[in-house]
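To be precise, the following lines are run-v4.txt, and they hold compact mmCIF, C-alpha atoms and all ligand atoms.
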# COMPACT_ATOMS: atom_id res chain seq x y z
CA MET B 1 0.00 0.00 0.00
CA ILE B 2 1.45 3.30 -1.02
CA GLU B 3 0.52 6.98 -0.74
CA VAL B 4 0.24 9.06 -3.92
CA ALA B 5 0.78 12.80 -3.59
CA LEU B 6 0.24 15.40 -6.29
CA GLU B 7 1.85 18.67 -5.28
CA HIS B 8 0.60 21.73 -7.16
CA VAL B 9 0.56 19.81 -10.44
CA THR B 10 -0.19 21.76 -13.62
CA LYS B 11 -0.22 20.51 -17.20
CA GLN B 12 -0.24 22.79 -20.23
CA PHE B 13 -0.58 21.51 -23.79
CA GLY B 14 0.91 24.51 -25.56
CA LYS B 15 -1.69 27.19 -24.98
CA VAL B 16 -4.35 24.70 -23.87
CA SER B 17 -4.63 24.17 -20.15
CA GLY B 18 -5.01 20.48 -19.21
CA VAL B 19 -5.12 20.80 -15.42
CA GLN B 20 -4.18 23.55 -13.01
CA ASP B 21 -2.63 23.29 -9.58
CA VAL B 22 -3.94 19.90 -8.49
CA HIS B 23 -2.83 19.38 -4.90
CA ILE B 24 -4.00 16.13 -3.28
CA ARG B 25 -2.81 13.28 -1.13
CA ILE B 26 -4.29 9.86 -1.88
CA LYS B 27 -3.96 7.61 1.16
CA PRO B 28 -2.43 4.14 1.07
CA GLY B 29 -5.12 1.60 0.16
CA GLU B 30 -7.65 4.26 -0.72
CA PHE B 31 -10.17 3.97 -3.58
CA PHE B 32 -9.93 7.49 -4.97
CA THR B 33 -11.94 8.76 -7.95
CA PHE B 34 -11.43 11.65 -10.35
CA LEU B 35 -14.92 12.71 -11.41
CA GLY B 36 -16.06 15.36 -13.86
CA PRO B 37 -17.54 16.06 -17.27
CA SER B 38 -15.69 15.49 -20.54
CA GLY B 39 -12.60 17.67 -20.88
CA CYS B 40 -12.31 18.50 -17.16
CA GLY B 41 -8.77 17.11 -16.93
CA LYS B 42 -9.28 13.77 -15.19
CA THR B 43 -7.50 11.64 -17.81
CA THR B 44 -4.64 14.12 -18.01
CA THR B 45 -4.18 13.86 -14.24
CA LEU B 46 -4.27 10.04 -14.36
CA ARG B 47 -1.80 9.98 -17.23
CA MET B 48 0.65 12.09 -15.23
CA ILE B 49 0.39 9.57 -12.38
CA ALA B 50 1.01 6.73 -14.85
CA GLY B 51 3.93 8.64 -16.38
CA PHE B 52 2.49 8.99 -19.91
CA TYR B 53 2.65 12.78 -19.46
CA TYR B 54 5.04 14.77 -17.34
CA PRO B 55 3.67 17.81 -15.50
CA THR B 56 4.53 21.30 -16.71
CA SER B 57 5.05 22.19 -13.05
CA GLY B 58 4.57 20.55 -9.67
CA ARG B 59 5.63 17.16 -8.28
CA ILE B 60 4.23 13.63 -8.15
CA VAL B 61 5.38 11.51 -5.21
CA PHE B 62 4.75 7.78 -4.55
CA GLY B 63 5.49 7.06 -0.90
CA ASN B 64 8.89 8.76 -0.43
CA GLN B 65 9.87 8.60 -4.10
CA ASP B 66 9.60 11.60 -6.39
CA VAL B 67 8.39 10.04 -9.67
CA THR B 68 7.55 13.30 -11.49
CA THR B 69 9.72 12.42 -14.51
CA VAL B 70 10.18 8.67 -13.99
CA PRO B 71 9.12 6.73 -17.14
CA PRO B 72 5.89 4.64 -16.90
CA HIS B 73 7.53 1.17 -16.81
CA LYS B 74 9.59 2.14 -13.76
CA ARG B 75 6.62 3.27 -11.64
CA ASN B 76 5.09 -0.13 -10.86
CA THR B 77 1.57 0.99 -11.66
CA GLY B 78 -1.06 -1.22 -13.30
CA MET B 79 -3.31 0.54 -15.78
CA VAL B 80 -6.71 -0.44 -17.21
CA PHE B 81 -8.03 1.53 -20.16
CA GLN B 82 -11.55 2.27 -21.37
CA ASN B 83 -11.03 0.31 -24.61
CA TYR B 84 -9.12 -2.46 -22.73
CA ALA B 85 -6.06 -2.05 -25.04
CA LEU B 86 -5.58 -5.83 -25.23
CA PHE B 87 -3.50 -7.51 -27.95
CA PRO B 88 -6.18 -9.09 -30.17
CA HIS B 89 -3.82 -11.59 -31.84
CA LEU B 90 -2.58 -13.02 -28.51
CA THR B 91 -4.37 -15.44 -26.19
CA VAL B 92 -5.74 -14.49 -22.78
CA PHE B 93 -2.68 -16.09 -21.16
CA GLU B 94 -0.26 -14.21 -23.41
CA ASN B 95 -2.05 -10.92 -22.77
CA VAL B 96 -1.95 -11.34 -19.00
CA ALA B 97 1.65 -12.63 -19.06
CA PHE B 98 2.84 -9.64 -21.10
CA GLY B 99 4.04 -7.50 -18.18
CA LEU B 100 5.90 -10.45 -16.66
CA GLN B 101 7.56 -11.23 -19.99
CA VAL B 102 8.75 -7.62 -20.30
CA ARG B 103 10.13 -7.94 -16.76
CA LYS B 104 11.84 -11.19 -17.83
CA ARG B 105 10.28 -13.33 -15.08
CA PRO B 106 11.05 -17.08 -15.38
CA LYS B 107 8.49 -19.31 -17.10
CA ASP B 108 7.33 -21.16 -13.96
CA GLU B 109 6.68 -17.94 -12.16
CA ARG B 110 4.82 -16.54 -15.18
CA LEU B 111 2.56 -19.60 -15.26
CA GLN B 112 1.80 -19.37 -11.56
CA ARG B 113 1.15 -15.67 -11.46
CA VAL B 114 -1.03 -15.59 -14.58
CA GLU B 115 -3.05 -18.48 -13.16
CA ARG B 116 -3.55 -16.58 -9.89
CA ALA B 117 -4.49 -13.33 -11.69
CA LEU B 118 -7.05 -15.19 -13.84
CA GLN B 119 -8.49 -16.74 -10.68
CA GLN B 120 -8.75 -13.29 -9.09
CA VAL B 121 -10.96 -12.10 -11.95
CA HIS B 122 -12.87 -15.42 -12.20
CA LEU B 123 -11.42 -16.37 -15.61
CA GLN B 124 -9.59 -19.57 -14.69
CA GLY B 125 -9.61 -21.95 -17.63
CA TYR B 126 -9.78 -19.14 -20.21
CA GLY B 127 -6.00 -18.93 -20.79
CA ASN B 128 -6.04 -20.42 -24.30
CA ARG B 129 -8.94 -18.39 -25.65
CA ARG B 130 -8.31 -15.65 -28.16
CA ILE B 131 -9.39 -12.17 -27.14
CA ASP B 132 -12.01 -11.99 -29.92
CA GLN B 133 -13.66 -15.10 -28.44
CA LEU B 134 -14.54 -13.19 -25.26
CA SER B 135 -17.43 -10.91 -24.32
CA GLY B 136 -16.79 -7.23 -23.51
CA GLY B 137 -17.06 -7.91 -19.79
CA GLN B 138 -14.60 -10.81 -20.02
CA GLN B 139 -12.18 -8.67 -22.02
CA GLN B 140 -12.31 -6.02 -19.34
CA ARG B 141 -11.54 -8.68 -16.72
CA VAL B 142 -8.52 -9.80 -18.77
CA ALA B 143 -7.39 -6.16 -18.78
CA LEU B 144 -7.78 -6.13 -14.98
CA ALA B 145 -5.82 -9.39 -14.63
CA ARG B 146 -3.08 -7.97 -16.85
CA ALA B 147 -2.83 -4.90 -14.62
CA LEU B 148 -2.86 -6.93 -11.39
CA VAL B 149 -0.43 -9.68 -12.42
CA ILE B 150 2.62 -7.44 -12.05
CA GLU B 151 1.56 -6.80 -8.41
CA PRO B 152 1.51 -3.05 -8.89
CA ASN B 153 1.71 -0.61 -5.99
CA ILE B 154 -1.05 1.46 -7.56
CA LEU B 155 -3.96 0.46 -9.78
CA LEU B 156 -5.07 3.10 -12.31
CA LEU B 157 -8.44 2.71 -14.04
CA ASP B 158 -9.54 5.03 -16.84
CA GLU B 159 -13.32 4.76 -17.41
CA PRO B 160 -13.07 0.95 -17.34
CA LEU B 161 -16.83 0.35 -17.46
CA SER B 162 -17.96 2.77 -20.14
CA ASN B 163 -17.97 0.23 -22.98
CA LEU B 164 -20.17 -2.23 -21.08
CA ASP B 165 -23.95 -2.41 -21.05
CA ALA B 166 -25.82 -1.44 -17.86
CA LYS B 167 -26.06 -4.90 -16.27
CA LEU B 168 -22.46 -5.85 -17.01
CA ARG B 169 -21.35 -2.46 -15.80
CA GLU B 170 -22.87 -3.11 -12.42
CA GLU B 171 -21.41 -6.62 -12.20
CA THR B 172 -17.93 -5.45 -13.19
CA ARG B 173 -18.21 -2.50 -10.79
CA LEU B 174 -18.76 -4.93 -7.90
CA GLU B 175 -15.91 -7.10 -9.20
CA ILE B 176 -13.47 -4.18 -9.24
CA LYS B 177 -14.55 -3.10 -5.77
CA ARG B 178 -14.14 -6.65 -4.43
CA LEU B 179 -10.67 -6.98 -5.96
CA GLN B 180 -9.65 -3.65 -4.49
CA LEU B 181 -10.92 -4.53 -1.02
CA GLU B 182 -9.24 -7.96 -1.13
CA SER B 183 -5.89 -6.67 -2.38
CA GLY B 184 -5.92 -3.38 -0.44
CA ILE B 185 -4.19 -1.75 -3.40
CA THR B 186 -4.23 2.05 -3.70
CA THR B 187 -6.66 2.60 -6.57
CA ILE B 188 -7.26 5.68 -8.69
CA TYR B 189 -10.36 5.59 -10.82
CA VAL B 190 -11.50 7.97 -13.55
CA THR B 191 -15.15 8.38 -14.47
CA HIS B 192 -17.70 10.93 -15.64
CA ASP B 193 -20.48 8.87 -14.02
CA GLN B 194 -21.37 10.33 -10.65
CA ALA B 195 -23.41 7.32 -9.51
CA GLU B 196 -20.46 5.01 -10.22
CA ALA B 197 -18.11 7.36 -8.35
CA MET B 198 -20.45 7.59 -5.35
CA ALA B 199 -20.93 3.83 -5.15
CA MET B 200 -17.28 2.82 -5.42
CA SER B 201 -15.10 5.48 -3.85
CA ASP B 202 -13.66 6.19 -0.45
CA ARG B 203 -13.12 9.76 -1.65
CA ILE B 204 -13.91 11.67 -4.82
CA MET B 205 -12.17 14.63 -6.45
CA VAL B 206 -14.67 16.62 -8.52
CA MET B 207 -13.07 18.55 -11.39
CA GLN B 208 -14.28 21.13 -13.87
CA GLY B 209 -12.30 23.01 -16.51
CA GLY B 210 -8.99 21.56 -15.28
CA VAL B 211 -9.59 22.84 -11.76
CA VAL B 212 -10.38 20.79 -8.64
CA GLN B 213 -13.74 21.87 -7.26
CA GLN B 214 -14.07 19.65 -4.20
CA VAL B 215 -12.44 16.62 -2.58
CA GLY B 216 -14.35 14.53 -0.06
CA LYS B 217 -16.18 11.37 0.88
CA PRO B 218 -19.27 10.66 -1.27
CA GLU B 219 -21.61 11.73 1.53
CA GLU B 220 -19.68 14.97 2.13
CA ILE B 221 -19.81 15.90 -1.53
CA TYR B 222 -23.48 15.01 -1.77
CA ASN B 223 -24.64 16.62 1.48
CA ARG B 224 -22.30 19.60 1.52
CA PRO B 225 -21.48 20.55 -2.09
CA ILE B 226 -19.14 23.50 -2.29
CA ASN B 227 -20.78 25.29 -5.22
CA ARG B 228 -23.55 25.15 -7.83
CA PHE B 229 -21.48 23.01 -10.18
CA VAL B 230 -20.92 20.25 -7.60
CA ALA B 231 -24.52 20.47 -6.33
CA SER B 232 -25.91 19.90 -9.81
CA PHE B 233 -23.27 17.46 -11.11
CA ILE B 234 -23.53 15.09 -8.12
CA GLY B 235 -27.07 13.81 -8.00
CA GLU B 236 -29.95 16.13 -8.72
CA SER B 237 -30.62 19.41 -7.01
CA ASN B 238 -33.21 22.14 -7.18
CA LEU B 239 -31.24 25.38 -7.25
CA TRP B 240 -33.36 28.39 -6.33
CA ASN B 241 -32.08 31.94 -6.11
CA GLY B 242 -33.24 34.11 -3.24
CA THR B 243 -32.57 37.15 -1.10
CA VAL B 244 -32.04 36.97 2.66
CA GLU B 245 -34.96 38.81 4.27
CA ARG B 246 -34.24 38.34 7.96
CA ILE B 247 -32.17 36.32 10.40
CA GLU B 248 -33.52 35.19 13.78
CA GLY B 249 -31.24 33.17 16.03
CA ASP B 250 -29.97 30.23 13.99
CA GLN B 251 -32.68 30.62 11.34
CA VAL B 252 -32.50 32.49 8.10
CA TYR B 253 -35.53 33.54 6.05
CA VAL B 254 -35.00 33.81 2.30
CA ARG B 255 -37.45 35.24 -0.21
CA VAL B 256 -37.47 32.99 -3.28
CA SER B 257 -40.49 34.55 -5.02
CA PRO B 258 -42.93 37.43 -4.35
CA ASP B 259 -45.23 35.04 -2.48
CA LEU B 260 -42.82 32.55 -0.93
CA VAL B 261 -40.27 32.83 1.88
CA LEU B 262 -38.36 29.71 2.94
CA SER B 263 -36.56 29.30 6.22
CA GLY B 264 -33.30 27.40 6.65
CA LEU B 265 -30.51 27.00 9.15
CA LEU B 266 -27.84 29.69 9.27
CA ASN B 267 -24.99 27.20 9.65
CA HIS B 268 -26.12 24.99 6.77
CA THR B 269 -24.03 26.81 4.21
CA ALA B 270 -21.13 26.17 1.84
CA PRO B 271 -17.84 27.52 3.29
CA ASN B 272 -17.74 30.47 0.87
CA CYS B 273 -21.38 31.49 1.45
CA HIS B 274 -21.93 34.29 3.96
CA LEU B 275 -25.54 35.04 4.76
CA ALA B 276 -26.51 38.58 5.78
CA VAL B 277 -29.76 40.51 5.38
CA GLY B 278 -30.07 41.64 1.75
CA ALA B 279 -27.53 39.08 0.45
CA GLN B 280 -28.25 36.98 -2.63
CA THR B 281 -27.92 33.24 -2.15
CA THR B 282 -28.70 29.98 -3.92
CA LEU B 283 -30.77 27.38 -2.11
CA SER B 284 -29.89 23.80 -2.97
CA ILE B 285 -32.76 21.39 -2.28
CA ARG B 286 -32.48 17.68 -3.11
CA PRO B 287 -35.62 16.19 -4.73
CA GLU B 288 -35.75 13.43 -2.12
CA ALA B 289 -35.81 16.04 0.67
CA VAL B 290 -39.10 17.49 -0.54
CA ARG B 291 -42.07 16.07 1.40
CA GLU B 292 -45.74 15.93 0.69
CA ALA B 293 -47.37 18.27 3.24
CA GLN B 294 -50.45 17.44 5.26
CA SER B 295 -53.12 19.25 3.26
CA GLU B 296 -54.74 20.68 6.41
CA SER B 297 -51.70 22.84 7.17
CA PRO B 298 -50.86 24.66 3.94
CA GLN B 299 -50.02 27.87 5.81
CA SER B 300 -47.25 26.40 7.97
CA GLU B 301 -43.58 27.19 7.47
CA ASN B 302 -41.87 26.03 4.25
CA THR B 303 -45.17 24.65 2.96
CA PHE B 304 -46.63 25.68 -0.39
CA LEU B 305 -48.59 24.44 -3.36
CA ALA B 306 -46.96 22.95 -6.45
CA LYS B 307 -48.58 22.14 -9.77
CA VAL B 308 -47.59 18.85 -11.40
CA VAL B 309 -45.95 19.24 -14.82
CA ILE B 310 -44.64 15.67 -15.24
CA ALA B 311 -45.24 12.62 -13.04
CA GLU B 312 -43.00 9.57 -13.48
CA PHE B 313 -43.74 6.29 -11.76
CA THR B 314 -40.53 4.21 -11.61
CA GLY B 315 -41.71 1.44 -9.29
CA VAL B 316 -39.41 2.38 -6.41
CA ASN B 317 -40.21 6.09 -6.59
CA VAL B 318 -42.63 8.62 -7.91
CA ASN B 319 -40.72 11.51 -9.47
CA TYR B 320 -42.39 14.83 -10.08
CA LEU B 321 -41.44 17.89 -12.00
CA THR B 322 -43.66 20.62 -10.60
CA ASP B 323 -44.17 24.34 -10.93
CA VAL B 324 -44.05 26.59 -7.87
CA SER B 325 -44.77 30.25 -8.77
CA ASN B 326 -43.01 29.75 -12.11
CA LYS B 327 -40.04 28.02 -10.52
CA PRO B 328 -39.38 24.37 -11.39
CA LEU B 329 -39.24 22.02 -8.40
CA LYS B 330 -38.30 18.35 -8.68
CA ALA B 331 -39.58 16.07 -5.95
CA MET B 332 -39.02 12.37 -5.40
CA PHE B 333 -41.34 10.35 -3.17
CA VAL B 334 -40.86 6.75 -2.19
CA ASN B 335 -43.66 4.62 -3.60
CA GLN B 336 -45.11 3.67 -0.24
CA GLY B 337 -48.67 4.70 0.28
CA HIS B 338 -48.19 7.74 -1.94
CA GLN B 339 -51.11 8.55 -4.19
CA VAL B 340 -49.71 9.27 -7.66
CA ARG B 341 -50.87 12.60 -9.11
CA GLN B 342 -51.34 13.56 -12.76
CA ARG B 343 -50.38 16.57 -14.83
CA ASP B 344 -52.05 19.80 -13.59
CA ASP B 345 -52.94 18.27 -10.20
CA THR B 346 -51.92 20.33 -7.19
CA LEU B 347 -49.70 18.94 -4.45
CA ALA B 348 -48.98 20.54 -1.07
CA MET B 349 -45.22 20.40 -0.54
CA HIS B 350 -43.06 20.84 2.51
CA ILE B 351 -39.30 21.40 2.64
CA PRO B 352 -37.78 20.68 6.07
CA LYS B 353 -35.48 23.55 6.96
CA GLU B 354 -32.57 21.16 7.68
CA SER B 355 -32.76 20.09 4.02
CA ILE B 356 -31.99 23.51 2.60
CA TYR B 357 -28.31 24.06 1.86
CA PHE B 358 -27.13 27.57 1.03
CA LEU B 359 -24.60 28.21 -1.71
CA GLU B 360 -22.86 31.41 -2.67
N1 LIG P 1 -2.54 15.60 -25.88
C1 LIG P 1 -3.24 16.72 -25.75
N2 LIG P 1 -2.97 17.82 -26.50
C2 LIG P 1 -3.68 18.96 -26.36
N3 LIG P 1 -4.68 19.13 -25.50
C3 LIG P 1 -5.01 18.08 -24.73
C4 LIG P 1 -4.33 16.83 -24.81
N4 LIG P 1 -4.88 15.98 -23.93
C5 LIG P 1 -5.87 16.66 -23.32
N5 LIG P 1 -5.95 17.92 -23.80
C6 LIG P 1 -6.89 18.98 -23.35
O1 LIG P 1 -6.81 19.05 -21.93
C7 LIG P 1 -8.11 19.20 -21.35
C8 LIG P 1 -8.37 18.06 -20.39
O2 LIG P 1 -8.51 16.86 -21.13
P1 LIG P 1 -8.71 15.41 -20.49
O3 LIG P 1 -8.60 14.39 -21.55
O4 LIG P 1 -7.82 15.26 -19.32
O5 LIG P 1 -10.21 15.51 -19.98
P2 LIG P 1 -11.15 14.37 -19.42
O6 LIG P 1 -11.79 14.96 -18.23
O7 LIG P 1 -10.38 13.13 -19.19
O8 LIG P 1 -12.19 14.20 -20.57
P3 LIG P 1 -12.81 12.86 -21.24
O9 LIG P 1 -13.76 12.32 -20.22
O10 LIG P 1 -13.50 13.39 -22.45
O11 LIG P 1 -11.67 11.94 -21.53
C9 LIG P 1 -9.08 19.29 -22.51
O12 LIG P 1 -9.29 20.65 -22.80
C10 LIG P 1 -8.33 18.60 -23.63
O13 LIG P 1 -8.75 19.09 -24.90
Translate the structure of the given file into structure tokens.
Ligand SMILES: Nc1ncnc2c1ncn2[C@@H]1O[C@H](COP(=O)(O)OP(=O)(O)OP(=O)(O)O)[C@@H](O)[C@H]1O
Amino acid sequence: MIEVALEHVTKQFGKVSGVQDVHIRIKPGEFFTFLGPSGCGKTTTLRMIAGFYYPTSGRIVFGNQDVTTVPPHKRNTGMVFQNYALFPHLTVFENVAFGLQVRKRPKDERLQRVERALQQVHLQGYGNRRIDQLSGGQQQRVALARALVIEPNILLLDEPLSNLDAKLREETRLEIKRLQLESGITTIYVTHDQAEAMAMSDRIMVMQGGVVQQVGKPEEIYNRPINRFVASFIGESNLWNGTVERIEGDQVYVRVSPDLVLSGLLNHTAPNCHLAVGAQTTLSIRPEAVREAQSESPQSENTFLAKVVIAEFTGVNVNYLTDVSNKPLKAMFVNQGHQVRQRDDTLAMHIPKESIYFLE
């Protein structure tokens, strides 16, 4: 298990900025994910850790070793690519054995280690198959075995599930997680899929435009997003603008429309959001935090009427897109005794004040 540190790492491609000033410490044995939309710099960051790119400035350190300009084959990292990058003309065995061959390991050892790696990914007995005789999911497992067989200090995975269909993606996701937990290997994972990142990671680094937005555990990033980008990229969020009308004790009252004031908690704010009377703020409200109000108390705090625009019944949930004084509000109710409404029906909604999170 080894720590990976990126110290103020920047990568320029001529005039194009790849990533700027990434400064993180990935703990030994951690499952750490780079998450963000296309072009945000996650692959560039991973490639610098693998040694395929060298940073324009900053340092990369594995344990106590500065590897900033060490070539890839001397870093002892195992890499899995989105398109698997297997050798199609070689067998499964030959593909997995490749790294050991390059390292000139004796034949007996190669046999043993390939066998063990194939067992790890549940492909024992597949050694003689050609790559084109395997399914996509099996090919990805060969790629994993090939990365693991060299017993790397760090496992690097670049969108390894994106070529798989939904069911296989979930299976392979569990497989990767199991392998990581069993081996305890420091793992760095790249994805643009926030659900995948949330499900798999110990911590996530959210990036946008080459800049790190937030680093934290999945629940921290979900419950306490640092800005609008993170709040809307991770899960769904209703983002409503408002003006602080008054503050009483630990409660803040924010006008979100001419006929609606919502109250929230003064300390439930992003670090860079400072609430004062007259200040503009953004309220972030998760759809699952919205409740159906008891119809007899429509005048109580944070309770209002919403008109149904779209109702979706998914089996587990009922999802609504509603209209509240010309503001869209998404709400998600668990399908348990909830009476499903139709378009143009009116629903009384309640937002608990603890569920409102204030952003700058
Ligand atoms: N070899 C390169 N030459 C020039 N610009 C590059 C190169 N590689 C990446 N970039 C630029 O750096 C930025 C970050 O790209 P990067 O591939 O790291 O993003 P990404 O988040 O991994 O996106 P994707 O999910 O689409 O792979 C983009 O603006 C991209 O165009």
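Across B:Arg228, B:Arg141, B:Lys107, B:Arg203, the tightest approach to Thr187 of chain B is made by B:Arg203 when counting all atoms listed in the file.
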- Task: Residues within 9 Å of ligand LIG 1 (chain P), counting only C-alpha atoms and all ligand atoms: report them as a ChimeraX atom specification.
- Result: /B:11-19,34-47,53,158-159,190-192,207-210
Kindly save the residues from that selection, with C-alpha atoms included, as a PDB file, in the coordinates of the input.
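As written to disk, part.pdb reads:
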ATOM      1  CA  LYS B  11      -0.220  20.510 -17.200  1.00  0.00           C
ATOM      2  CA  GLN B  12      -0.240  22.790 -20.230  1.00  0.00           C
ATOM      3  CA  PHE B  13      -0.580  21.510 -23.790  1.00  0.00           C
ATOM      4  CA  GLY B  14       0.910  24.510 -25.560  1.00  0.00           C
ATOM      5  CA  LYS B  15      -1.690  27.190 -24.980  1.00  0.00           C
ATOM      6  CA  VAL B  16      -4.350  24.700 -23.870  1.00  0.00           C
ATOM      7  CA  SER B  17      -4.630  24.170 -20.150  1.00  0.00           C
ATOM      8  CA  GLY B  18      -5.010  20.480 -19.210  1.00  0.00           C
ATOM      9  CA  VAL B  19      -5.120  20.800 -15.420  1.00  0.00           C
ATOM     10  CA  PHE B  34     -11.430  11.650 -10.350  1.00  0.00           C
ATOM     11  CA  LEU B  35     -14.920  12.710 -11.410  1.00  0.00           C
ATOM     12  CA  GLY B  36     -16.060  15.360 -13.860  1.00  0.00           C
ATOM     13  CA  PRO B  37     -17.540  16.060 -17.270  1.00  0.00           C
ATOM     14  CA  SER B  38     -15.690  15.490 -20.540  1.00  0.00           C
ATOM     15  CA  GLY B  39     -12.600  17.670 -20.880  1.00  0.00           C
ATOM     16  CA  CYS B  40     -12.310  18.500 -17.160  1.00  0.00           C
ATOM     17  CA  GLY B  41      -8.770  17.110 -16.930  1.00  0.00           C
ATOM     18  CA  LYS B  42      -9.280  13.770 -15.190  1.00  0.00           C
ATOM     19  CA  THR B  43      -7.500  11.640 -17.810  1.00  0.00           C
ATOM     20  CA  THR B  44      -4.640  14.120 -18.010  1.00  0.00           C
ATOM     21  CA  THR B  45      -4.180  13.860 -14.240  1.00  0.00           C
ATOM     22  CA  LEU B  46      -4.270  10.040 -14.360  1.00  0.00           C
ATOM     23  CA  ARG B  47      -1.800   9.980 -17.230  1.00  0.00           C
ATOM     24  CA  TYR B  53       2.650  12.780 -19.460  1.00  0.00           C
ATOM     25  CA  ASP B 158      -9.540   5.030 -16.840  1.00  0.00           C
ATOM     26  CA  GLU B 159     -13.320   4.760 -17.410  1.00  0.00           C
ATOM     27  CA  VAL B 190     -11.500   7.970 -13.550  1.00  0.00           C
ATOM     28  CA  THR B 191     -15.150   8.380 -14.470  1.00  0.00           C
ATOM     29  CA  HIS B 192     -17.700  10.930 -15.640  1.00  0.00           C
ATOM     30  CA  MET B 207     -13.070  18.550 -11.390  1.00  0.00           C
ATOM     31  CA  GLN B 208     -14.280  21.130 -13.870  1.00  0.00           C
ATOM     32  CA  GLY B 209     -12.300  23.010 -16.510  1.00  0.00           C
ATOM     33  CA  GLY B 210      -8.990  21.560 -15.280  1.00  0.00           C
TER      34      GLY B 210
END
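Proximity to Glu292 of chain B was assessed for B:Pro352, B:Gly235, B:Gly249, B:Pro328 counting only C-alpha atoms; the smallest distance is recorded for B:Pro352.
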- Message: Quick one: residues within 10 Å of segment 340-344 of chain B, all atoms listed in the file, excluding same-chain residues fewer than 4 positions away - as a list in words?
- Response: Ala306, Lys307, Val308, Val309, Ile310, Ala311, Glu312, Phe313, Val318, Asn319, Tyr320, Leu321, Thr322, Asp323, Phe333 and Asn335 of chain B
Next, write the just-selected residues to a file, as a PDB file, in the coordinates of the input, keeping C-alpha atoms as the atom set.
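That gives us again27.pdb:
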ATOM      1  CA  ALA B 306     -46.960  22.950  -6.450  1.00  0.00           C
ATOM      2  CA  LYS B 307     -48.580  22.140  -9.770  1.00  0.00           C
ATOM      3  CA  VAL B 308     -47.590  18.850 -11.400  1.00  0.00           C
ATOM      4  CA  VAL B 309     -45.950  19.240 -14.820  1.00  0.00           C
ATOM      5  CA  ILE B 310     -44.640  15.670 -15.240  1.00  0.00           C
ATOM      6  CA  ALA B 311     -45.240  12.620 -13.040  1.00  0.00           C
ATOM      7  CA  GLU B 312     -43.000   9.570 -13.480  1.00  0.00           C
ATOM      8  CA  PHE B 313     -43.740   6.290 -11.760  1.00  0.00           C
ATOM      9  CA  VAL B 318     -42.630   8.620  -7.910  1.00  0.00           C
ATOM     10  CA  ASN B 319     -40.720  11.510  -9.470  1.00  0.00           C
ATOM     11  CA  TYR B 320     -42.390  14.830 -10.080  1.00  0.00           C
ATOM     12  CA  LEU B 321     -41.440  17.890 -12.000  1.00  0.00           C
ATOM     13  CA  THR B 322     -43.660  20.620 -10.600  1.00  0.00           C
ATOM     14  CA  ASP B 323     -44.170  24.340 -10.930  1.00  0.00           C
ATOM     15  CA  PHE B 333     -41.340  10.350  -3.170  1.00  0.00           C
ATOM     16  CA  ASN B 335     -43.660   4.620  -3.600  1.00  0.00           C
TER      17      ASN B 335
END
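Reported to one decimal place, the separation of atom CA of Pro218 of chain B from atom CA of Tyr84 of chain B is 27.1 Å.
The residue that comes closest to Ile24 of chain B, out of B:Leu148, B:Met200, B:Met205, B:Ile154 and on the basis of only C-alpha atoms, is B:Met205.
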Residue rebuild result segment 172-182 of chain B, N, CA and C atoms as a short mmCIF file (atom, residue, chain, number, x, y, z; two decimals), in the coordinates of the input:
data_model
loop_
_atom_site.label_atom_id
_atom_site.label_comp_id
_atom_site.auth_asym_id
_atom_site.auth_seq_id
_atom_site.Cartn_x
_atom_site.Cartn_y
_atom_site.Cartn_z
N THR B 172 -19.37 -5.69 -13.15
CA THR B 172 -17.93 -5.45 -13.19
C THR B 172 -17.53 -4.42 -12.13
N ARG B 173 -18.44 -3.49 -11.85
CA ARG B 173 -18.21 -2.50 -10.79
C ARG B 173 -18.01 -3.21 -9.44
N LEU B 174 -18.88 -4.17 -9.16
CA LEU B 174 -18.76 -4.93 -7.90
C LEU B 174 -17.46 -5.74 -7.89
N GLU B 175 -17.13 -6.28 -9.06
CA GLU B 175 -15.91 -7.10 -9.20
C GLU B 175 -14.67 -6.26 -8.89
N ILE B 176 -14.63 -5.06 -9.46
CA ILE B 176 -13.47 -4.18 -9.24
C ILE B 176 -13.38 -3.81 -7.77
N LYS B 177 -14.52 -3.50 -7.18
CA LYS B 177 -14.55 -3.10 -5.77
C LYS B 177 -14.07 -4.26 -4.89
N ARG B 178 -14.54 -5.48 -5.21
CA ARG B 178 -14.14 -6.65 -4.43
C ARG B 178 -12.63 -6.88 -4.52
N LEU B 179 -12.11 -6.80 -5.76
CA LEU B 179 -10.67 -6.98 -5.96
C LEU B 179 -9.87 -5.96 -5.17
N GLN B 180 -10.37 -4.73 -5.19
CA GLN B 180 -9.65 -3.65 -4.49
C GLN B 180 -9.67 -3.88 -2.99
N LEU B 181 -10.82 -4.30 -2.46
CA LEU B 181 -10.92 -4.53 -1.02
C LEU B 181 -10.04 -5.72 -0.62
N GLU B 182 -10.04 -6.77 -1.45
CA GLU B 182 -9.24 -7.96 -1.13
C GLU B 182 -7.74 -7.67 -1.20
#
